[in-house]
Amino acid sequence: MSQTISIIGATYAGNKGAAGMLSATIMQLAKQLPEDTSYRVFSLYPKKDRPLAQAGVEIVSLRSIPLVLVMPMLAALFALLKHIPGLGKIPLKYRPLRVLAESDILLDLSGISFADGRALILVYNVCCVLPALLLHIPVIKMSQALGPFRSFLNRRIAKIVLSRIKTIFARGSITAEHLEELGLVNWKRSADLAFLLDHDENSDTLEALIPKADRSLIIGVSPSQVLETYCTKAGHDYLGELSSVINSVADRTSAHVVILAHSNLGEDSRSRNNDYHVCRKLYELCNKQNTVLLLEDRSPAELRSIISECDVFIASRFHCMISAICTHVPVLVTSWSHKYLEVMAVFGLDSYVVELQDITEESLAEMLISIINDRSAISKKMKETLPDVCRSARIQIDAVVQFLDSRKYPKPGGTAKKLFGQFYSDLFRTCAIGHSANESIKQFCASGGLVSTLLSERMANGSSDGALVADLLITEEGPVPQTVLVEIPSDVYKYAGSIYSDFDHVDGILNILNNREGCYDIVALPCQIRKIRKYVESNEHISDRVGLYIGLWCGHATDRRLLLDLLKRWRVSLGELKSFRYRKGHWRGYSEIQLKNGSRLKKRFARNYGLFQNLYVDCMQRCFSCSDHFAETADISFGDCWMRAQKTEEHKETMVLSFSDVGEKAIRMLEESESVRLSRLDPVLAVQAQKRAVIWHTYNTEARSKLAGFFRLNIQSNLGITPRINDYLAAVMILAAYRIFNSRLRFLFLRLPWWVLYPFMAVQKLMLNR
């Protein structure tokens with residue numbers, strides 16, 4: 001089912017800072033969301049935006065007057081009439097309202113909103129989100145500056161409107177303080193979206209204008225119509241003082257000056273979002289022999305590339321400042337709002353922000369000379385801090401993806417919530433779901449390929465020297481599971497896929513750790529992880545040889561005997577067997593047998609190996625006492641998402657849980673990887689997706705322990721919970737089947753058609769689903 005994302009508060013034309021946020025938002029979302037996701041942008045400048053829009057983005061005309069007067073009125077009318085037959089659809093004949101009503105979410109990209117002293121803009125800020133709130137469309141205000149809220153009118157309106165927003169992302173500490181003062185709790189910190197904008201790092205746009213042979217120092221300047229208006233009201237000669245400083249410093253340093261319009265609607269428009277005229281005025285005041293004026297309408301990425309070619313930059317536009325930071329160009333900032341200061345403070349460069357009341361020729365000249373002299377140190381600060389800031393900016397993209405993904409899945413039921421609260425609320429740190437974007441590895445993986453990708457990338461970046469995994473070796477005696485050390489990143493994918501037959505993986509891993517130096521990632525079942533960690537932590541000589549403990553969610557382990565008997569049933573000669581895969585394909589998939597003569601056999605997993613496994617045929621006896629399904633002693637663990645929504649997904653996805661700081665770091669690495677599509681989920685959904693297995697490991701374990709004596713088994717449980725009637729019924733069915741398949745009747749029951757055994761298994765699973 002396709003999703004529709006609507007965006008408001010930013011356009012491609014005019015303010016290129018807003019255009020950069022818009023481009024970065026769609027670009028980053030497209031990396032994580034399905035290809036059929038629709039993006040619709042409500043535009044103040046539809047004719048100018050359409051030729052500039054990214055591929056596949058629909059521009060919806062919504063100019064200022066309709067936005068303020070028509071949309072709120074029609075949205076309110078729709079809210080009143082929607083349940084009245086014949087009348088409810090009338091307001092939807094207005095296309096912008098219809099587009100909004102079809103949206104799954106509205107993203108507000110306003111750069112600054114609900115700030116004191118901007119009465120007309122306040123109306124615009126309200127009208128950007130009010131129709132969506134009336135239509136009950138979730139709204140996320142992407143990273144922006146908000147407040148202050150000192151005036152009565154702004155404070156009152158902001159409190160009413162902002163409290164109804166799903167999530168607000170505060171761009172910096174000052175905005176965060178304003179939101180706290182307003183008493184809001186629906187906000188998070190996140191850096192500006194423009195930090196995620198890509199650009200051409202090898203650009204040389206200025207080459208034709210300023211030959212490299214003539215370049216000693218390039219000073220870039222981006223004046224602002226907004227700042228000039230504020231300065232005029234405050235009695236400052238903004239352009240006069242700025243031009244005097246530029247001319248003076250350029251003469252002293254033999255510098256070239258580049259003036260560019262970062263918000264550009266052309267010569268015919270007069271607007272706060274048009275710096276065309278203020279750039280021309282500044283150019284007329286500067287020494288034209290060493291000054292270049294760039295008034296062409298350029299994309300945000302092109303403007304960032306030009307800024308990257310400068311040695312220092314004077315930014316009066318907010319996103320010019322961000323582009324300078326992203327390209328490590330030391331920047332002097334002339335400011336009219338707290339939004340500049342709070343971002344520069346993150347980089348420890350707030351001393352290079354000149355606020356409105358302090359803009360003088362002397363202050364600007366002194367600071368510009370200081371920046372020129374210290375530009376290496378300033379650039380170094382930017383480089384050191386930028387990766388963390390980009391991670392912060394990505395938080396809001398992940399939040400949007402997580403919200404949209406969560407809508408695909410049902411809200412956790414009462415049983416899942418109870419189980420989570422009872423057993424896992426203090427254990428699970430982060431839950432996510434995703435798959436590898438590498439289509440070529442799908443043939444190897446039983447699920448989403450996340451484990452293989454994580455192992456491969458950790459080896460490639462030096463985080464580990466190799467991985468200890470399980471493999472299925474084909475011998476004359478049939479398939480034999482074994483422990484394998486993988487030391488080449490690309491080789492990991494050869495060993496992808498699940499191994500359901502039990503073997504002594506612990507001994508194999510410890511043997512390698514004891515005899516090989518290096519740091520290795522370990523992939524194992526919950527009980528195996530627990531034993532290995534205990535051994536490693538008690539033996540100092542190998543304590544540094546494990547990089548990451550990776551657990552695999554485990555219903556139970558099965559004796560190899562079942563596989564050998566099923567191969568006989570399928571009339572597969574062990575001598576002719578070339579390879580075997582327990583499970584491949586989408587949803588439950590199929591088992592694949594490849595023979596030496598080149599032929600392949602496919603057996604539906606749910607009617608063959610999976611059926612007997614779900615009947616607990618040849619279940620290892622230790623598993624009957626196990627209460628650890630999610631590998632709680634691992635750093636990170638992975639498992640299948642058995643929820644109905646997965647049946648219609650193009651990709652089989654894997655769920656992941658973290659249990660430690662190291663595990664959290666691993667999830668962040670997957671999130672930042674270009675090879676992975678990952679989004680975070682409510683941890684309760686991990687329990688929902690594995691509800692039957694969780695009940696089997698908890699309430700059913702307790703029931704089995706109480707009934708074990710009747711089946712001549714020794715099953716222990718220390719959970720201290722009271723089994724329910726359905727738990728006892730399921731336990732009887734499980735233990736009875738286990739005993740029957742270990743009796744003289746085994747081969748008779750193994751030969752029964754699937755449709756005879758399946759109803760028994762279905763009833764057993766029904767008992768485990770309550």
# chains A, B, ... in the order shown; residues from 1 in each chain; ligands from 1
>>> residues_around(residues="Arg530 (chain A)", least_positions_apart="6", cutoff="12 Å", atoms="only C-alpha atoms", output="VMD selection string")
chain A and resid 506 522 to 524 536 to 537 549 to 551 626 628 630 to 635
>>> write_last_selection(atoms="N, CA and C atoms", output="PDB file, in the first residue's frame")
ATOM      1  N   VAL A 506      29.156 -23.623  20.594  1.00  0.00           N
ATOM      2  CA  VAL A 506      29.932 -23.009  21.679  1.00  0.00           C
ATOM      3  C   VAL A 506      31.363 -23.511  21.666  1.00  0.00           C
ATOM      4  N   ILE A 522      30.524 -12.439  17.151  1.00  0.00           N
ATOM      5  CA  ILE A 522      29.985 -13.790  17.345  1.00  0.00           C
ATOM      6  C   ILE A 522      28.496 -13.791  17.052  1.00  0.00           C
ATOM      7  N   VAL A 523      28.064 -14.742  16.230  1.00  0.00           N
ATOM      8  CA  VAL A 523      26.641 -14.940  15.943  1.00  0.00           C
ATOM      9  C   VAL A 523      26.235 -16.298  16.495  1.00  0.00           C
ATOM     10  N   ALA A 524      25.266 -16.294  17.421  1.00  0.00           N
ATOM     11  CA  ALA A 524      24.893 -17.553  18.072  1.00  0.00           C
ATOM     12  C   ALA A 524      23.488 -17.444  18.656  1.00  0.00           C
ATOM     13  N   VAL A 536      34.161 -16.104  28.334  1.00  0.00           N
ATOM     14  CA  VAL A 536      35.082 -15.036  27.916  1.00  0.00           C
ATOM     15  C   VAL A 536      35.348 -14.063  29.053  1.00  0.00           C
ATOM     16  N   GLU A 537      34.307 -13.682  29.781  1.00  0.00           N
ATOM     17  CA  GLU A 537      34.467 -12.709  30.860  1.00  0.00           C
ATOM     18  C   GLU A 537      35.249 -13.273  32.043  1.00  0.00           C
ATOM     19  N   TYR A 549      28.538  -9.328  20.480  1.00  0.00           N
ATOM     20  CA  TYR A 549      27.747 -10.538  20.683  1.00  0.00           C
ATOM     21  C   TYR A 549      26.408 -10.357  19.959  1.00  0.00           C
ATOM     22  N   ILE A 550      26.195 -11.133  18.914  1.00  0.00           N
ATOM     23  CA  ILE A 550      24.979 -11.022  18.106  1.00  0.00           C
ATOM     24  C   ILE A 550      24.125 -12.262  18.332  1.00  0.00           C
ATOM     25  N   GLY A 551      22.961 -12.064  18.893  1.00  0.00           N
ATOM     26  CA  GLY A 551      22.057 -13.179  19.158  1.00  0.00           C
ATOM     27  C   GLY A 551      21.017 -13.333  18.060  1.00  0.00           C
ATOM     28  N   CYS A 626      14.023 -23.388  28.618  1.00  0.00           N
ATOM     29  CA  CYS A 626      14.599 -22.081  28.283  1.00  0.00           C
ATOM     30  C   CYS A 626      13.543 -20.974  28.331  1.00  0.00           C
ATOM     31  N   ASP A 628      14.681 -17.704  27.495  1.00  0.00           N
ATOM     32  CA  ASP A 628      15.333 -16.597  26.782  1.00  0.00           C
ATOM     33  C   ASP A 628      15.099 -16.738  25.276  1.00  0.00           C
ATOM     34  N   PHE A 630      14.869 -13.832  23.148  1.00  0.00           N
ATOM     35  CA  PHE A 630      15.451 -12.706  22.417  1.00  0.00           C
ATOM     36  C   PHE A 630      16.963 -12.546  22.605  1.00  0.00           C
ATOM     37  N   ALA A 631      17.642 -13.517  23.209  1.00  0.00           N
ATOM     38  CA  ALA A 631      19.096 -13.424  23.442  1.00  0.00           C
ATOM     39  C   ALA A 631      19.428 -12.213  24.297  1.00  0.00           C
ATOM     40  N   GLU A 632      18.936 -12.236  25.513  1.00  0.00           N
ATOM     41  CA  GLU A 632      19.031 -11.082  26.408  1.00  0.00           C
ATOM     42  C   GLU A 632      20.447 -10.763  26.854  1.00  0.00           C
ATOM     43  N   THR A 633      21.357 -11.705  26.754  1.00  0.00           N
ATOM     44  CA  THR A 633      22.745 -11.437  27.164  1.00  0.00           C
ATOM     45  C   THR A 633      23.614 -10.998  25.987  1.00  0.00           C
ATOM     46  N   ALA A 634      23.022 -10.882  24.817  1.00  0.00           N
ATOM     47  CA  ALA A 634      23.755 -10.386  23.643  1.00  0.00           C
ATOM     48  C   ALA A 634      23.809  -8.858  23.684  1.00  0.00           C
ATOM     49  N   ASP A 635      24.646  -8.280  22.830  1.00  0.00           N
ATOM     50  CA  ASP A 635      24.637  -6.822  22.658  1.00  0.00           C
ATOM     51  C   ASP A 635      23.482  -6.407  21.763  1.00  0.00           C
TER      52      ASP A 635
END
>>> residues_around(residues="Ile512 (chain A)", least_positions_apart="5", cutoff="10 Å", atoms="only C-alpha atoms", output="PyMOL selection string")
chain A and resi 468+483-485+507+517+520
>>> atom_distance(atom1="CA of His541 (chain A)", atom2="CA of Cys519 (chain A)")
12.2 Å
>>> closest_residue(among="A:Ser113, A:Gly220, A:Ser305, A:Ser543", to="Leu293 (chain A)", atoms="only C-alpha atoms")
A:Gly220
>>> residues_around(residues="region 599-615 of chain A", least_positions_apart="6", cutoff="6 Å", atoms="only C-alpha atoms", output="ChimeraX atom specification")
/A:589-593,754,761
>>> write_last_selection(atoms="C-alpha atoms", output="tab-separated table (two decimals), in the first residue's frame")
chain	number	residue	atom	x	y	z
A	589	GLY	CA	9.31	-19.48	2.14
A	590	TYR	CA	10.67	-22.87	1.19
A	591	SER	CA	13.55	-25.26	1.81
A	592	GLU	CA	15.90	-25.73	-1.15
A	593	ILE	CA	17.82	-28.91	-1.99
A	754	TRP	CA	0.85	-32.47	5.93
A	761	MET	CA	-0.25	-27.92	14.99
